[in-house]
Amino acid sequence: MKSISHWIAAAALMLSGTAAHAEPVTLDIWTIDRPDQYIYLLKDEFEQAHPDIKLNVKTVQFRDMVNDLARATATGESPDVTYIDNPEVALFASRGLLLDLSPMLAESKVIKKDDIFPGPLSSVTWDSKIYGVPRGANTLALYYNADMFKAKGLDPDKPPRTWDELYAAARALNDPAKNIYGMAFSAVATEEGTFQFLPWLQMAGGDYNKVDTDGGVKVLQFWSKLLDEKLASPDTLIRGQYDSTGTFNAGNAAMAISGPWELPRMSKEAKFDFRAALLPVPHEGATRASALGEGDNVILANSKHPKEAFILLEFLYGKMPDVWNRFGFLPAARIQSNNPKIPAIYAVFEESMKYARNRGPHPEWPKISKAIYTAIQSSLTHKSDPKAALAAAQKQIDVVLKK
């Protein structure tokens, strides 16, 4: 009887050990996605492919991600994996808060570092180490309502190419009686405002470290003209790109500056012939520029499950051929998109990526960005003239850059 009881006890111990070993690992994931986007839509696919790993997904507002993540890392409550906007990888990597993925990437059969385009790769690189994997890429272009172009006698096959042509089109398309603005864009006091402004500044000869320029003044004067003449809505100053593009989708703006991430929603909401063109340049022959957007998937340095977290990053990278059709991202690597939807617009954004420039990278990027979007707001609300606003921003940026 004693031997039987010992056997039962031993068997129970083995079974409990097996059950404990079989318990799936749960990864805490932070994202800016809404429930109908990216990580939420891929969650079930990943868990089916990896039943031993579960994902606990939490949405954090884009504008709150940096501060929330900083607080969480300070209190030891950070997630295993999170989305980080590409200019802010340096901020966290330089402080030792992200896991160096270089050793894992060297062994990976899924992610080939050399296949990642230089821009997205540089956004996840700090001090010669790699701290993230791009989930895709995006940039900016000019969306326009071809039906409105036709109705106003404009040729939809010849969208605006220069700032003068853009202004003329906005005036022609503006229709206050029908609550239609000539164009929509975002000059909000967040990173989104900086994101939209920088390509204009770069095309005019400036950059994030050189904002106090004649070209920068011309950009703010041009934006002010659009707002002051009510060719763009006054809430351009307070709404992000999502809401700005929503105005276009609803038919209340004839043109909009935004990115490919809007296409899945635009395809459902916009009941008209929408098209896209490269961002207009200051004048014929001017240097082109566009913004390098989209974020990166990173693993926090204090994750208790780095192996499983990297398996997730590999899985997400493997979805790169489908990100255009499903999520409106451009591939961030030399990977062919699977039969891209809306090929004409895909071609525009693919071309625009040739001119896309990084924001930074710099470990104090949020301070640089704040100086820029504060200057934009100060100028567009006429609290200061464009030159004074940019001069104040330049002083702040020089302090950050230790000039």
# chains A, B, ... in the order shown; residues from 1 in each chain; ligands from 1
>>> residues_around(residues="Val124 (chain A)", least_positions_apart="3", cutoff="12 Å", atoms="only C-alpha atoms", output="PDB file with N, CA, C and O atoms, in the first residue's frame")
ATOM      1  N   TYR A  83       5.378  49.281 -29.297  1.00  0.00           N
ATOM      2  CA  TYR A  83       5.584  50.150 -30.458  1.00  0.00           C
ATOM      3  C   TYR A  83       6.289  51.402 -29.974  1.00  0.00           C
ATOM      4  O   TYR A  83       5.941  51.961 -28.923  1.00  0.00           O
ATOM      5  N   ILE A  84       7.275  51.876 -30.738  1.00  0.00           N
ATOM      6  CA  ILE A  84       7.894  53.178 -30.495  1.00  0.00           C
ATOM      7  C   ILE A  84       8.020  53.889 -31.837  1.00  0.00           C
ATOM      8  O   ILE A  84       8.488  53.311 -32.821  1.00  0.00           O
ATOM      9  N   ASP A  85       7.610  55.141 -31.873  1.00  0.00           N
ATOM     10  CA  ASP A  85       7.781  55.933 -33.079  1.00  0.00           C
ATOM     11  C   ASP A  85       9.269  56.006 -33.410  1.00  0.00           C
ATOM     12  O   ASP A  85      10.111  56.134 -32.500  1.00  0.00           O
ATOM     13  N   ASN A  86       9.622  55.933 -34.679  1.00  0.00           N
ATOM     14  CA  ASN A  86      11.023  55.692 -35.017  1.00  0.00           C
ATOM     15  C   ASN A  86      12.021  56.718 -34.480  1.00  0.00           C
ATOM     16  O   ASN A  86      13.136  56.328 -34.134  1.00  0.00           O
ATOM     17  N   PRO A  87      11.708  58.021 -34.337  1.00  0.00           N
ATOM     18  CA  PRO A  87      12.748  58.906 -33.811  1.00  0.00           C
ATOM     19  C   PRO A  87      12.993  58.753 -32.315  1.00  0.00           C
ATOM     20  O   PRO A  87      13.949  59.323 -31.785  1.00  0.00           O
ATOM     21  N   GLU A  88      12.138  57.988 -31.645  1.00  0.00           N
ATOM     22  CA  GLU A  88      12.260  57.891 -30.197  1.00  0.00           C
ATOM     23  C   GLU A  88      12.958  56.611 -29.731  1.00  0.00           C
ATOM     24  O   GLU A  88      13.153  56.399 -28.535  1.00  0.00           O
ATOM     25  N   VAL A  89      13.349  55.759 -30.683  1.00  0.00           N
ATOM     26  CA  VAL A  89      14.138  54.583 -30.303  1.00  0.00           C
ATOM     27  C   VAL A  89      15.431  55.024 -29.648  1.00  0.00           C
ATOM     28  O   VAL A  89      15.858  54.465 -28.625  1.00  0.00           O
ATOM     29  N   ALA A  90      16.077  56.041 -30.205  1.00  0.00           N
ATOM     30  CA  ALA A  90      17.343  56.527 -29.640  1.00  0.00           C
ATOM     31  C   ALA A  90      17.162  57.016 -28.207  1.00  0.00           C
ATOM     32  O   ALA A  90      18.061  56.835 -27.362  1.00  0.00           O
ATOM     33  N   LEU A  91      16.026  57.639 -27.927  1.00  0.00           N
ATOM     34  CA  LEU A  91      15.749  58.140 -26.580  1.00  0.00           C
ATOM     35  C   LEU A  91      15.825  57.017 -25.553  1.00  0.00           C
ATOM     36  O   LEU A  91      16.491  57.146 -24.513  1.00  0.00           O
ATOM     37  N   PHE A  92      15.172  55.896 -25.841  1.00  0.00           N
ATOM     38  CA  PHE A  92      15.130  54.786 -24.883  1.00  0.00           C
ATOM     39  C   PHE A  92      16.378  53.916 -24.955  1.00  0.00           C
ATOM     40  O   PHE A  92      16.866  53.441 -23.921  1.00  0.00           O
ATOM     41  N   ALA A  93      16.906  53.718 -26.152  1.00  0.00           N
ATOM     42  CA  ALA A  93      18.107  52.891 -26.291  1.00  0.00           C
ATOM     43  C   ALA A  93      19.295  53.523 -25.587  1.00  0.00           C
ATOM     44  O   ALA A  93      20.095  52.829 -24.932  1.00  0.00           O
ATOM     45  N   SER A  94      19.440  54.837 -25.696  1.00  0.00           N
ATOM     46  CA  SER A  94      20.578  55.522 -25.085  1.00  0.00           C
ATOM     47  C   SER A  94      20.544  55.465 -23.567  1.00  0.00           C
ATOM     48  O   SER A  94      21.562  55.685 -22.913  1.00  0.00           O
ATOM     49  N   LEU A  98      16.117  49.472 -23.681  1.00  0.00           N
ATOM     50  CA  LEU A  98      15.716  48.532 -24.718  1.00  0.00           C
ATOM     51  C   LEU A  98      16.734  47.407 -24.847  1.00  0.00           C
ATOM     52  O   LEU A  98      17.928  47.594 -24.593  1.00  0.00           O
ATOM     53  N   LEU A  99      16.252  46.249 -25.254  1.00  0.00           N
ATOM     54  CA  LEU A  99      17.123  45.089 -25.435  1.00  0.00           C
ATOM     55  C   LEU A  99      17.879  45.216 -26.746  1.00  0.00           C
ATOM     56  O   LEU A  99      17.286  45.501 -27.792  1.00  0.00           O
ATOM     57  N   ASP A 100      19.194  45.004 -26.688  1.00  0.00           N
ATOM     58  CA  ASP A 100      20.002  44.968 -27.906  1.00  0.00           C
ATOM     59  C   ASP A 100      19.667  43.688 -28.658  1.00  0.00           C
ATOM     60  O   ASP A 100      19.913  42.582 -28.177  1.00  0.00           O
ATOM     61  N   LEU A 101      19.108  43.850 -29.847  1.00  0.00           N
ATOM     62  CA  LEU A 101      18.668  42.690 -30.631  1.00  0.00           C
ATOM     63  C   LEU A 101      19.754  42.144 -31.550  1.00  0.00           C
ATOM     64  O   LEU A 101      19.526  41.133 -32.229  1.00  0.00           O
ATOM     65  N   SER A 102      20.906  42.782 -31.575  1.00  0.00           N
ATOM     66  CA  SER A 102      21.960  42.386 -32.519  1.00  0.00           C
ATOM     67  C   SER A 102      22.306  40.908 -32.464  1.00  0.00           C
ATOM     68  O   SER A 102      22.386  40.252 -33.519  1.00  0.00           O
ATOM     69  N   LYS A 113      19.124  41.609 -41.565  1.00  0.00           N
ATOM     70  CA  LYS A 113      19.404  43.028 -41.359  1.00  0.00           C
ATOM     71  C   LYS A 113      19.700  43.754 -42.670  1.00  0.00           C
ATOM     72  O   LYS A 113      19.237  44.881 -42.886  1.00  0.00           O
ATOM     73  N   ILE A 116      16.771  45.271 -44.713  1.00  0.00           N
ATOM     74  CA  ILE A 116      16.020  46.434 -44.229  1.00  0.00           C
ATOM     75  C   ILE A 116      16.582  47.690 -44.888  1.00  0.00           C
ATOM     76  O   ILE A 116      17.797  47.886 -44.950  1.00  0.00           O
ATOM     77  N   PHE A 117      15.701  48.532 -45.387  1.00  0.00           N
ATOM     78  CA  PHE A 117      16.129  49.753 -46.062  1.00  0.00           C
ATOM     79  C   PHE A 117      16.931  50.640 -45.102  1.00  0.00           C
ATOM     80  O   PHE A 117      16.691  50.639 -43.881  1.00  0.00           O
ATOM     81  N   PRO A 118      17.882  51.416 -45.627  1.00  0.00           N
ATOM     82  CA  PRO A 118      18.773  52.216 -44.770  1.00  0.00           C
ATOM     83  C   PRO A 118      18.050  53.145 -43.808  1.00  0.00           C
ATOM     84  O   PRO A 118      18.441  53.265 -42.637  1.00  0.00           O
ATOM     85  N   GLY A 119      16.991  53.831 -44.279  1.00  0.00           N
ATOM     86  CA  GLY A 119      16.275  54.756 -43.405  1.00  0.00           C
ATOM     87  C   GLY A 119      15.663  54.067 -42.196  1.00  0.00           C
ATOM     88  O   GLY A 119      15.952  54.427 -41.047  1.00  0.00           O
ATOM     89  N   PRO A 120      14.801  53.069 -42.418  1.00  0.00           N
ATOM     90  CA  PRO A 120      14.234  52.346 -41.279  1.00  0.00           C
ATOM     91  C   PRO A 120      15.291  51.670 -40.404  1.00  0.00           C
ATOM     92  O   PRO A 120      15.141  51.621 -39.178  1.00  0.00           O
ATOM     93  N   LEU A 121      16.368  51.174 -41.008  1.00  0.00           N
ATOM     94  CA  LEU A 121      17.413  50.521 -40.208  1.00  0.00           C
ATOM     95  C   LEU A 121      18.105  51.533 -39.311  1.00  0.00           C
ATOM     96  O   LEU A 121      18.379  51.251 -38.133  1.00  0.00           O
ATOM     97  N   ASP A 127      24.386  53.636 -31.362  1.00  0.00           N
ATOM     98  CA  ASP A 127      25.714  53.218 -30.906  1.00  0.00           C
ATOM     99  C   ASP A 127      26.107  51.874 -31.528  1.00  0.00           C
ATOM    100  O   ASP A 127      26.622  50.978 -30.844  1.00  0.00           O
ATOM    101  N   SER A 128      25.816  51.739 -32.828  1.00  0.00           N
ATOM    102  CA  SER A 128      26.174  50.563 -33.638  1.00  0.00           C
ATOM    103  C   SER A 128      25.433  49.291 -33.236  1.00  0.00           C
ATOM    104  O   SER A 128      25.795  48.200 -33.679  1.00  0.00           O
ATOM    105  N   LYS A 129      24.418  49.408 -32.415  1.00  0.00           N
ATOM    106  CA  LYS A 129      23.600  48.256 -32.028  1.00  0.00           C
ATOM    107  C   LYS A 129      22.164  48.465 -32.511  1.00  0.00           C
ATOM    108  O   LYS A 129      21.725  49.594 -32.685  1.00  0.00           O
ATOM    109  N   ILE A 130      21.469  47.364 -32.687  1.00  0.00           N
ATOM    110  CA  ILE A 130      20.106  47.429 -33.217  1.00  0.00           C
ATOM    111  C   ILE A 130      19.110  47.114 -32.100  1.00  0.00           C
ATOM    112  O   ILE A 130      19.218  46.079 -31.432  1.00  0.00           O
ATOM    113  N   TYR A 131      18.145  48.008 -31.936  1.00  0.00           N
ATOM    114  CA  TYR A 131      17.238  47.907 -30.798  1.00  0.00           C
ATOM    115  C   TYR A 131      15.776  47.704 -31.188  1.00  0.00           C
ATOM    116  O   TYR A 131      14.903  47.724 -30.316  1.00  0.00           O
ATOM    117  N   GLY A 132      15.501  47.506 -32.443  1.00  0.00           N
ATOM    118  CA  GLY A 132      14.116  47.313 -32.842  1.00  0.00           C
ATOM    119  C   GLY A 132      14.022  46.748 -34.240  1.00  0.00           C
ATOM    120  O   GLY A 132      15.015  46.644 -34.964  1.00  0.00           O
ATOM    121  N   VAL A 133      12.811  46.364 -34.604  1.00  0.00           N
ATOM    122  CA  VAL A 133      12.537  45.843 -35.946  1.00  0.00           C
ATOM    123  C   VAL A 133      11.383  46.666 -36.527  1.00  0.00           C
ATOM    124  O   VAL A 133      10.296  46.716 -35.931  1.00  0.00           O
ATOM    125  N   PRO A 134      11.594  47.348 -37.655  1.00  0.00           N
ATOM    126  CA  PRO A 134      10.512  48.135 -38.252  1.00  0.00           C
ATOM    127  C   PRO A 134       9.317  47.246 -38.578  1.00  0.00           C
ATOM    128  O   PRO A 134       9.469  46.137 -39.086  1.00  0.00           O
ATOM    129  N   ARG A 135       8.129  47.730 -38.272  1.00  0.00           N
ATOM    130  CA  ARG A 135       6.941  46.945 -38.607  1.00  0.00           C
ATOM    131  C   ARG A 135       6.421  47.322 -39.998  1.00  0.00           C
ATOM    132  O   ARG A 135       5.514  46.689 -40.525  1.00  0.00           O
ATOM    133  N   GLU A 294       6.113  55.713 -39.512  1.00  0.00           N
ATOM    134  CA  GLU A 294       5.813  54.401 -38.951  1.00  0.00           C
ATOM    135  C   GLU A 294       6.820  54.101 -37.845  1.00  0.00           C
ATOM    136  O   GLU A 294       7.858  54.735 -37.731  1.00  0.00           O
ATOM    137  N   GLY A 295       6.476  53.141 -37.019  1.00  0.00           N
ATOM    138  CA  GLY A 295       7.289  52.870 -35.847  1.00  0.00           C
ATOM    139  C   GLY A 295       7.948  51.514 -35.885  1.00  0.00           C
ATOM    140  O   GLY A 295       7.938  50.815 -36.899  1.00  0.00           O
ATOM    141  N   ASP A 296       8.500  51.166 -34.751  1.00  0.00           N
ATOM    142  CA  ASP A 296       9.292  49.952 -34.636  1.00  0.00           C
ATOM    143  C   ASP A 296       8.795  49.112 -33.466  1.00  0.00           C
ATOM    144  O   ASP A 296       8.286  49.635 -32.462  1.00  0.00           O
ATOM    145  N   ASN A 297       8.942  47.818 -33.606  1.00  0.00           N
ATOM    146  CA  ASN A 297       8.657  46.907 -32.509  1.00  0.00           C
ATOM    147  C   ASN A 297       9.950  46.688 -31.729  1.00  0.00           C
ATOM    148  O   ASN A 297      10.960  46.278 -32.304  1.00  0.00           O
ATOM    149  N   VAL A 298       9.914  46.965 -30.448  1.00  0.00           N
ATOM    150  CA  VAL A 298      11.100  46.841 -29.603  1.00  0.00           C
ATOM    151  C   VAL A 298      10.796  45.960 -28.401  1.00  0.00           C
ATOM    152  O   VAL A 298       9.643  45.812 -27.987  1.00  0.00           O
ATOM    153  N   ILE A 299      11.846  45.386 -27.843  1.00  0.00           N
ATOM    154  CA  ILE A 299      11.737  44.572 -26.628  1.00  0.00           C
ATOM    155  C   ILE A 299      12.371  45.354 -25.490  1.00  0.00           C
ATOM    156  O   ILE A 299      13.493  45.859 -25.618  1.00  0.00           O
ATOM    157  N   ALA A 332       9.232  47.932 -45.089  1.00  0.00           N
ATOM    158  CA  ALA A 332      10.441  48.625 -44.630  1.00  0.00           C
ATOM    159  C   ALA A 332      11.695  47.883 -45.055  1.00  0.00           C
ATOM    160  O   ALA A 332      12.796  48.255 -44.648  1.00  0.00           O
ATOM    161  N   ASN A 358      14.788  60.692 -42.121  1.00  0.00           N
ATOM    162  CA  ASN A 358      14.603  60.408 -40.707  1.00  0.00           C
ATOM    163  C   ASN A 358      14.389  61.688 -39.908  1.00  0.00           C
ATOM    164  O   ASN A 358      14.867  62.756 -40.291  1.00  0.00           O
ATOM    165  N   ARG A 359      13.704  61.548 -38.799  1.00  0.00           N
ATOM    166  CA  ARG A 359      13.654  62.609 -37.790  1.00  0.00           C
ATOM    167  C   ARG A 359      14.732  62.260 -36.765  1.00  0.00           C
ATOM    168  O   ARG A 359      14.594  61.328 -35.995  1.00  0.00           O
ATOM    169  N   GLY A 360      15.810  62.988 -36.791  1.00  0.00           N
ATOM    170  CA  GLY A 360      16.946  62.626 -35.948  1.00  0.00           C
ATOM    171  C   GLY A 360      17.815  61.618 -36.678  1.00  0.00           C
ATOM    172  O   GLY A 360      18.144  61.839 -37.851  1.00  0.00           O
ATOM    173  N   PRO A 361      18.190  60.488 -36.017  1.00  0.00           N
ATOM    174  CA  PRO A 361      17.850  60.151 -34.632  1.00  0.00           C
ATOM    175  C   PRO A 361      18.689  60.941 -33.626  1.00  0.00           C
ATOM    176  O   PRO A 361      19.830  61.302 -33.901  1.00  0.00           O
ATOM    177  N   HIS A 362      18.101  61.170 -32.465  1.00  0.00           N
ATOM    178  CA  HIS A 362      18.790  61.856 -31.376  1.00  0.00           C
ATOM    179  C   HIS A 362      18.134  61.427 -30.073  1.00  0.00           C
ATOM    180  O   HIS A 362      16.906  61.322 -29.990  1.00  0.00           O
ATOM    181  N   PRO A 363      18.946  61.159 -29.039  1.00  0.00           N
ATOM    182  CA  PRO A 363      18.369  60.677 -27.771  1.00  0.00           C
ATOM    183  C   PRO A 363      17.459  61.676 -27.073  1.00  0.00           C
ATOM    184  O   PRO A 363      16.724  61.302 -26.161  1.00  0.00           O
TER     185      PRO A 363
END
>>> residues_around(residues="Glu262 (chain A)", least_positions_apart="2", cutoff="10 Å", atoms="only C-alpha atoms", output="PyMOL selection string")
chain A and resi 241-242+245-246+249+258-260+264-267+327-329
>>> write_last_selection(atoms="N, CA and C atoms", output="PDB file, in the first residue's frame")
ATOM      1  N   GLN A 241      -3.568  63.812 -37.535  1.00  0.00           N
ATOM      2  CA  GLN A 241      -3.710  63.397 -38.923  1.00  0.00           C
ATOM      3  C   GLN A 241      -4.948  62.531 -39.151  1.00  0.00           C
ATOM      4  N   TYR A 242      -5.305  61.715 -38.168  1.00  0.00           N
ATOM      5  CA  TYR A 242      -6.466  60.837 -38.294  1.00  0.00           C
ATOM      6  C   TYR A 242      -7.737  61.665 -38.496  1.00  0.00           C
ATOM      7  N   THR A 245      -7.645  63.700 -41.853  1.00  0.00           N
ATOM      8  CA  THR A 245      -7.985  62.894 -43.021  1.00  0.00           C
ATOM      9  C   THR A 245      -9.457  62.494 -43.000  1.00  0.00           C
ATOM     10  N   GLY A 246     -10.019  62.363 -41.811  1.00  0.00           N
ATOM     11  CA  GLY A 246     -11.449  62.080 -41.714  1.00  0.00           C
ATOM     12  C   GLY A 246     -12.291  63.165 -42.365  1.00  0.00           C
ATOM     13  N   ASN A 249     -12.158  62.394 -46.009  1.00  0.00           N
ATOM     14  CA  ASN A 249     -12.994  61.226 -46.305  1.00  0.00           C
ATOM     15  C   ASN A 249     -14.479  61.591 -46.350  1.00  0.00           C
ATOM     16  N   SER A 258      -1.486  63.425 -45.895  1.00  0.00           N
ATOM     17  CA  SER A 258      -1.475  62.330 -44.931  1.00  0.00           C
ATOM     18  C   SER A 258      -0.701  61.157 -45.526  1.00  0.00           C
ATOM     19  N   GLY A 259      -0.786  60.018 -44.842  1.00  0.00           N
ATOM     20  CA  GLY A 259       0.025  58.883 -45.240  1.00  0.00           C
ATOM     21  C   GLY A 259      -0.784  57.672 -45.650  1.00  0.00           C
ATOM     22  N   PRO A 260      -0.100  56.613 -46.045  1.00  0.00           N
ATOM     23  CA  PRO A 260      -0.791  55.426 -46.558  1.00  0.00           C
ATOM     24  C   PRO A 260      -1.562  54.659 -45.494  1.00  0.00           C
ATOM     25  N   PRO A 264      -6.823  51.983 -45.665  1.00  0.00           N
ATOM     26  CA  PRO A 264      -7.892  51.038 -45.322  1.00  0.00           C
ATOM     27  C   PRO A 264      -9.184  51.729 -44.920  1.00  0.00           C
ATOM     28  N   ARG A 265      -9.077  52.782 -44.115  1.00  0.00           N
ATOM     29  CA  ARG A 265     -10.267  53.530 -43.698  1.00  0.00           C
ATOM     30  C   ARG A 265     -10.820  54.353 -44.863  1.00  0.00           C
ATOM     31  N   MET A 266      -9.927  54.973 -45.613  1.00  0.00           N
ATOM     32  CA  MET A 266     -10.369  55.801 -46.733  1.00  0.00           C
ATOM     33  C   MET A 266     -11.149  54.979 -47.750  1.00  0.00           C
ATOM     34  N   SER A 267     -10.714  53.759 -47.979  1.00  0.00           N
ATOM     35  CA  SER A 267     -11.382  52.888 -48.956  1.00  0.00           C
ATOM     36  C   SER A 267     -12.811  52.575 -48.546  1.00  0.00           C
ATOM     37  N   PHE A 327      -2.811  47.067 -43.787  1.00  0.00           N
ATOM     38  CA  PHE A 327      -2.670  48.134 -42.800  1.00  0.00           C
ATOM     39  C   PHE A 327      -2.253  49.482 -43.374  1.00  0.00           C
ATOM     40  N   GLY A 328      -1.953  49.535 -44.674  1.00  0.00           N
ATOM     41  CA  GLY A 328      -1.521  50.794 -45.257  1.00  0.00           C
ATOM     42  C   GLY A 328      -0.098  51.153 -44.910  1.00  0.00           C
ATOM     43  N   PHE A 329       0.754  50.167 -44.621  1.00  0.00           N
ATOM     44  CA  PHE A 329       2.175  50.414 -44.416  1.00  0.00           C
ATOM     45  C   PHE A 329       2.919  50.045 -45.695  1.00  0.00           C
TER      46      PHE A 329
END
>>> select_by_dssp(residues="region 312-395 of chain A", states="helix (DSSP H, G or I)", output="ChimeraX atom specification")
/A:312-317,320-327,343-355,365-380,386-395
>>> write_last_selection(atoms="N, CA and C atoms", output="short mmCIF file (atom, residue, chain, number, x, y, z; two decimals), in the first residue's frame")
data_model
loop_
_atom_site.label_atom_id
_atom_site.label_comp_id
_atom_site.auth_asym_id
_atom_site.auth_seq_id
_atom_site.Cartn_x
_atom_site.Cartn_y
_atom_site.Cartn_z
N LEU A 312 7.89 36.79 -31.49
CA LEU A 312 6.81 37.68 -31.95
C LEU A 312 7.34 38.67 -33.00
N LEU A 313 8.50 39.27 -32.75
CA LEU A 313 9.07 40.22 -33.71
C LEU A 313 9.34 39.56 -35.05
N GLU A 314 9.83 38.33 -35.02
CA GLU A 314 10.06 37.60 -36.27
C GLU A 314 8.74 37.35 -37.00
N PHE A 315 7.72 36.97 -36.27
CA PHE A 315 6.41 36.71 -36.87
C PHE A 315 5.87 37.97 -37.54
N LEU A 316 5.97 39.09 -36.84
CA LEU A 316 5.45 40.35 -37.39
C LEU A 316 6.25 40.79 -38.61
N TYR A 317 7.55 40.60 -38.58
CA TYR A 317 8.39 40.94 -39.73
C TYR A 317 7.99 40.09 -40.93
N MET A 320 5.47 41.34 -43.52
CA MET A 320 5.78 42.53 -44.30
C MET A 320 5.19 42.53 -45.72
N PRO A 321 5.15 41.39 -46.42
CA PRO A 321 4.57 41.43 -47.78
C PRO A 321 3.09 41.81 -47.81
N ASP A 322 2.42 41.70 -46.67
CA ASP A 322 0.98 41.95 -46.64
C ASP A 322 0.60 43.27 -45.97
N VAL A 323 1.59 44.01 -45.43
CA VAL A 323 1.22 45.17 -44.61
C VAL A 323 0.57 46.28 -45.43
N TRP A 324 0.94 46.40 -46.72
CA TRP A 324 0.30 47.45 -47.52
C TRP A 324 -1.20 47.20 -47.65
N ASN A 325 -1.56 46.00 -48.07
CA ASN A 325 -2.97 45.70 -48.30
C ASN A 325 -3.78 45.68 -47.02
N ARG A 326 -3.19 45.26 -45.92
CA ARG A 326 -3.95 45.11 -44.68
C ARG A 326 -3.95 46.36 -43.81
N PHE A 327 -2.81 47.07 -43.79
CA PHE A 327 -2.67 48.13 -42.80
C PHE A 327 -2.25 49.48 -43.37
N PRO A 343 -2.95 50.21 -56.95
CA PRO A 343 -1.56 50.29 -57.41
C PRO A 343 -1.08 51.69 -57.76
N ALA A 344 -1.97 52.56 -58.25
CA ALA A 344 -1.54 53.92 -58.61
C ALA A 344 -1.10 54.69 -57.37
N ILE A 345 -1.84 54.52 -56.26
CA ILE A 345 -1.47 55.21 -55.03
C ILE A 345 -0.25 54.55 -54.40
N TYR A 346 -0.17 53.22 -54.52
CA TYR A 346 1.01 52.51 -54.02
C TYR A 346 2.26 53.06 -54.72
N ALA A 347 2.17 53.28 -56.01
CA ALA A 347 3.32 53.78 -56.78
C ALA A 347 3.73 55.17 -56.30
N VAL A 348 2.77 56.01 -55.94
CA VAL A 348 3.08 57.35 -55.44
C VAL A 348 3.85 57.27 -54.13
N PHE A 349 3.36 56.45 -53.21
CA PHE A 349 4.04 56.35 -51.92
C PHE A 349 5.39 55.64 -52.04
N GLU A 350 5.47 54.69 -52.93
CA GLU A 350 6.75 54.02 -53.17
C GLU A 350 7.78 55.02 -53.70
N GLU A 351 7.34 55.90 -54.60
CA GLU A 351 8.22 56.95 -55.11
C GLU A 351 8.58 57.94 -54.00
N SER A 352 7.59 58.29 -53.18
CA SER A 352 7.82 59.25 -52.10
C SER A 352 8.84 58.74 -51.10
N MET A 353 8.89 57.43 -50.90
CA MET A 353 9.85 56.85 -49.96
C MET A 353 11.29 57.15 -50.36
N LYS A 354 11.53 57.42 -51.63
CA LYS A 354 12.88 57.74 -52.08
C LYS A 354 13.37 59.05 -51.48
N TYR A 355 12.42 59.90 -51.07
CA TYR A 355 12.77 61.21 -50.56
C TYR A 355 12.53 61.33 -49.05
N TRP A 365 15.24 63.56 -28.86
CA TRP A 365 14.34 63.99 -29.94
C TRP A 365 13.07 64.67 -29.44
N PRO A 366 12.40 64.18 -28.40
CA PRO A 366 11.16 64.86 -27.97
C PRO A 366 11.35 66.34 -27.67
N LYS A 367 12.52 66.72 -27.16
CA LYS A 367 12.78 68.13 -26.87
C LYS A 367 12.93 68.93 -28.17
N ILE A 368 13.59 68.32 -29.16
CA ILE A 368 13.75 68.97 -30.45
C ILE A 368 12.38 69.15 -31.12
N SER A 369 11.61 68.08 -31.10
CA SER A 369 10.29 68.12 -31.72
C SER A 369 9.39 69.15 -31.05
N LYS A 370 9.44 69.21 -29.73
CA LYS A 370 8.61 70.19 -29.01
C LYS A 370 8.97 71.61 -29.40
N ALA A 371 10.26 71.89 -29.54
CA ALA A 371 10.68 73.23 -29.95
C ALA A 371 10.10 73.56 -31.32
N ILE A 372 10.06 72.57 -32.21
CA ILE A 372 9.55 72.81 -33.57
C ILE A 372 8.05 73.03 -33.56
N TYR A 373 7.29 72.13 -32.92
CA TYR A 373 5.84 72.29 -32.99
C TYR A 373 5.35 73.47 -32.16
N THR A 374 6.12 73.87 -31.16
CA THR A 374 5.76 75.08 -30.41
C THR A 374 5.93 76.31 -31.29
N ALA A 375 6.99 76.33 -32.10
CA ALA A 375 7.20 77.45 -33.03
C ALA A 375 6.09 77.50 -34.07
N ILE A 376 5.67 76.34 -34.56
CA ILE A 376 4.58 76.29 -35.54
C ILE A 376 3.32 76.90 -34.94
N GLN A 377 2.98 76.47 -33.73
CA GLN A 377 1.77 76.98 -33.09
C GLN A 377 1.85 78.48 -32.82
N SER A 378 3.00 78.92 -32.34
CA SER A 378 3.18 80.34 -32.03
C SER A 378 3.00 81.20 -33.27
N SER A 379 3.54 80.73 -34.38
CA SER A 379 3.45 81.49 -35.62
C SER A 379 2.03 81.47 -36.19
N LEU A 380 1.43 80.28 -36.26
CA LEU A 380 0.12 80.16 -36.90
C LEU A 380 -1.01 80.80 -36.10
N PRO A 386 6.79 84.50 -37.87
CA PRO A 386 7.50 83.25 -38.18
C PRO A 386 8.98 83.29 -37.86
N LYS A 387 9.65 84.39 -38.18
CA LYS A 387 11.10 84.46 -37.95
C LYS A 387 11.42 84.40 -36.46
N ALA A 388 10.67 85.12 -35.65
CA ALA A 388 10.91 85.11 -34.21
C ALA A 388 10.60 83.74 -33.62
N ALA A 389 9.53 83.11 -34.09
CA ALA A 389 9.15 81.79 -33.58
C ALA A 389 10.24 80.76 -33.88
N LEU A 390 10.77 80.80 -35.09
CA LEU A 390 11.80 79.83 -35.48
C LEU A 390 13.13 80.14 -34.80
N ALA A 391 13.40 81.41 -34.58
CA ALA A 391 14.64 81.78 -33.88
C ALA A 391 14.60 81.25 -32.44
N ALA A 392 13.44 81.36 -31.79
CA ALA A 392 13.30 80.82 -30.42
C ALA A 392 13.47 79.31 -30.42
N ALA A 393 12.90 78.65 -31.42
CA ALA A 393 13.05 77.19 -31.52
C ALA A 393 14.51 76.81 -31.74
N GLN A 394 15.20 77.57 -32.59
CA GLN A 394 16.60 77.26 -32.88
C GLN A 394 17.46 77.33 -31.62
N LYS A 395 17.21 78.32 -30.77
CA LYS A 395 17.97 78.43 -29.51
C LYS A 395 17.77 77.19 -28.65
#
>>> residues_around(residues="Ala286 (chain A)", least_positions_apart="2", cutoff="12 Å", atoms="only C-alpha atoms", output="PyMOL selection string")
chain A and resi 161-163+200+202-205+215+279-284+288-289
>>> closest_residue(among="A:Met65, A:Ala187, A:Gly182, A:Ala70", to="Tyr143 (chain A)", atoms="only C-alpha atoms")
A:Gly182
